[in-house]
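This report refers to the structure that appears directly beneath it.
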Amino acid sequence: MEKLTLTVVTPEQSVLDKITCDSVTLPAEGGEIGILPKHTPLITLLGVGLVTYRDGQAKRSVAVRKGFAEIAADTVRVLADRAVSPDQVDTTAARRELATFERKRMDVVGVEQLTEVNEDAAFVEACLSIAASK
């Protein structure tokens, strides 16, 4: 059976390095994209959410915030502005951070600031989601 190779990196760290898996789901800017072996080559912008990968019955995820993904020759490369694995999430700090973003929503001025706060909150929610599943 064909397999994919998944790598997730940020400017600061490598979060996943050449993980072999059966499928990958990406949070593209326009919605989720499912990737299987022999996928058409593609470059896409990422939104905020979970990069989920399956190997057999095992399902794992990392949280990402923006960036882009390249799919070519059964290789999925994710270059994210921010990315964390479940082991990197401090749930207490993340809950405090989420509460801060909820308060900031009340004070934003303009669509640009609201979008930024919403993306920050969505990233923290994704982090909490993966931490709960470990």
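Chain labels follow the order of the structure tokens: the first chain is A, the next B, and so on; residue numbering restarts at 1 in every chain, and ligands are counted from 1 in their shown order.
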
Applying 9 Å and only C-alpha atoms, which residues near Ala131 in chain A remain after dropping the ones on its own chain fewer than 6 positions away? List them as number ranges by chain. A: 85-91

Selected residues written out with N, CA and C atoms, as a short mmCIF file (atom, residue, chain, number, x, y, z; two decimals), in the first residue's frame:
data_model
loop_
_atom_site.label_atom_id
_atom_site.label_comp_id
_atom_site.auth_asym_id
_atom_site.auth_seq_id
_atom_site.Cartn_x
_atom_site.Cartn_y
_atom_site.Cartn_z
N SER A 85 2.90 20.29 18.88
CA SER A 85 2.44 18.91 19.06
C SER A 85 1.74 18.82 20.41
N PRO A 86 0.99 17.74 20.66
CA PRO A 86 0.28 17.62 21.94
C PRO A 86 1.20 17.75 23.16
N ASP A 87 2.41 17.22 23.07
CA ASP A 87 3.33 17.27 24.22
C ASP A 87 3.83 18.67 24.54
N GLN A 88 3.69 19.60 23.59
CA GLN A 88 4.16 20.96 23.80
C GLN A 88 3.11 21.88 24.40
N VAL A 89 1.89 21.39 24.60
CA VAL A 89 0.80 22.24 25.06
C VAL A 89 0.75 22.27 26.58
N ASP A 90 0.81 23.46 27.14
CA ASP A 90 0.59 23.69 28.57
C ASP A 90 -0.88 24.10 28.68
N THR A 91 -1.73 23.18 29.10
CA THR A 91 -3.18 23.44 29.08
C THR A 91 -3.59 24.58 30.01
#

Tell me which protein, DNA and RNA residues are within 8 Å of range 29-40 of chain A, counting only C-alpha atoms, leaving out same-chain ones fewer than 2 positions away, and put them as a compact mmCIF listing (two decimals) with N, CA and C atoms, in the first residue's frame.
# COMPACT_ATOMS: atom_id res chain seq x y z
N GLU A 2 0.49 2.22 -0.77
CA GLU A 2 1.21 3.49 -0.85
C GLU A 2 1.11 4.24 0.48
N LYS A 3 2.14 5.01 0.79
CA LYS A 3 2.17 5.82 2.01
C LYS A 3 2.55 7.25 1.66
N LEU A 4 2.23 8.16 2.58
CA LEU A 4 2.65 9.55 2.49
C LEU A 4 3.77 9.79 3.49
N ASP A 22 -0.87 7.12 6.24
CA ASP A 22 -1.80 6.73 5.17
C ASP A 22 -2.54 7.93 4.58
N SER A 23 -2.83 8.94 5.42
CA SER A 23 -3.58 10.11 4.95
C SER A 23 -3.25 11.31 5.82
N VAL A 24 -3.50 12.49 5.27
CA VAL A 24 -3.28 13.75 5.98
C VAL A 24 -4.46 14.66 5.69
N THR A 25 -4.93 15.35 6.71
CA THR A 25 -5.96 16.38 6.55
C THR A 25 -5.34 17.71 6.96
N LEU A 26 -5.49 18.72 6.09
CA LEU A 26 -4.90 20.04 6.32
C LEU A 26 -5.98 21.10 6.47
N PRO A 27 -5.75 22.10 7.33
CA PRO A 27 -6.68 23.22 7.44
C PRO A 27 -6.32 24.30 6.41
N LEU A 42 0.27 20.09 -5.37
CA LEU A 42 -0.53 21.23 -4.91
C LEU A 42 0.28 22.07 -3.94
N THR A 44 -0.83 25.12 -1.18
CA THR A 44 -2.00 25.79 -0.64
C THR A 44 -1.64 26.61 0.59
N LEU A 45 -2.36 27.70 0.79
CA LEU A 45 -2.23 28.48 2.01
C LEU A 45 -2.95 27.75 3.13
N LEU A 46 -2.39 27.84 4.33
CA LEU A 46 -3.02 27.23 5.50
C LEU A 46 -3.79 28.26 6.29
N GLY A 47 -4.84 27.80 6.92
CA GLY A 47 -5.57 28.61 7.87
C GLY A 47 -5.08 28.24 9.27
N VAL A 48 -6.00 28.24 10.20
CA VAL A 48 -5.71 27.87 11.59
C VAL A 48 -6.48 26.60 11.88
N ILE A 71 2.26 19.67 -1.54
CA ILE A 71 2.04 18.24 -1.73
C ILE A 71 2.64 17.87 -3.09
N ALA A 72 3.58 16.94 -3.08
CA ALA A 72 4.22 16.49 -4.32
C ALA A 72 4.87 15.13 -4.08
N ALA A 73 4.70 14.21 -5.01
CA ALA A 73 5.35 12.90 -4.96
C ALA A 73 5.16 12.19 -3.62
N ASP A 74 3.91 12.14 -3.14
CA ASP A 74 3.56 11.48 -1.88
C ASP A 74 4.28 12.07 -0.67

Between A:Thr75, A:Gln113, A:Thr100, A:Thr92, which one has atoms that come closest to Pro41 in chain A, using only C-alpha atoms? A:Thr75

Would you mind listing what lies within 6 Å of Ala69 in chain A as a ChimeraX atom specification, with only C-alpha atoms counted and same-chain residues fewer than 5 positions away left out? /A:43-44,77-78

Restricting it to N, CA and C atoms, dump the selection as an mmCIF file, in the first residue's frame.
data_model
loop_
_atom_site.group_PDB
_atom_site.id
_atom_site.type_symbol
_atom_site.label_atom_id
_atom_site.label_comp_id
_atom_site.auth_asym_id
_atom_site.auth_seq_id
_atom_site.Cartn_x
_atom_site.Cartn_y
_atom_site.Cartn_z
ATOM 1 N N ILE A 43 0.103 23.371 -4.006
ATOM 2 C CA ILE A 43 0.588 24.279 -2.968
ATOM 3 C C ILE A 43 -0.628 25.051 -2.501
ATOM 4 N N THR A 44 -0.829 25.116 -1.180
ATOM 5 C CA THR A 44 -2.001 25.790 -0.639
ATOM 6 C C THR A 44 -1.641 26.611 0.585
ATOM 7 N N ARG A 77 4.603 18.627 2.847
ATOM 8 C CA ARG A 77 5.465 19.523 3.629
ATOM 9 C C ARG A 77 4.617 20.697 4.102
ATOM 10 N N VAL A 78 4.572 20.890 5.412
ATOM 11 C CA VAL A 78 3.829 21.995 5.997
ATOM 12 C C VAL A 78 4.838 22.966 6.588
#

With distances taken over only C-alpha atoms, which residue among A:Arg54, A:Gly49, A:Lys59, A:Met1 lies nearest Asn118 in chain A? A:Gly49
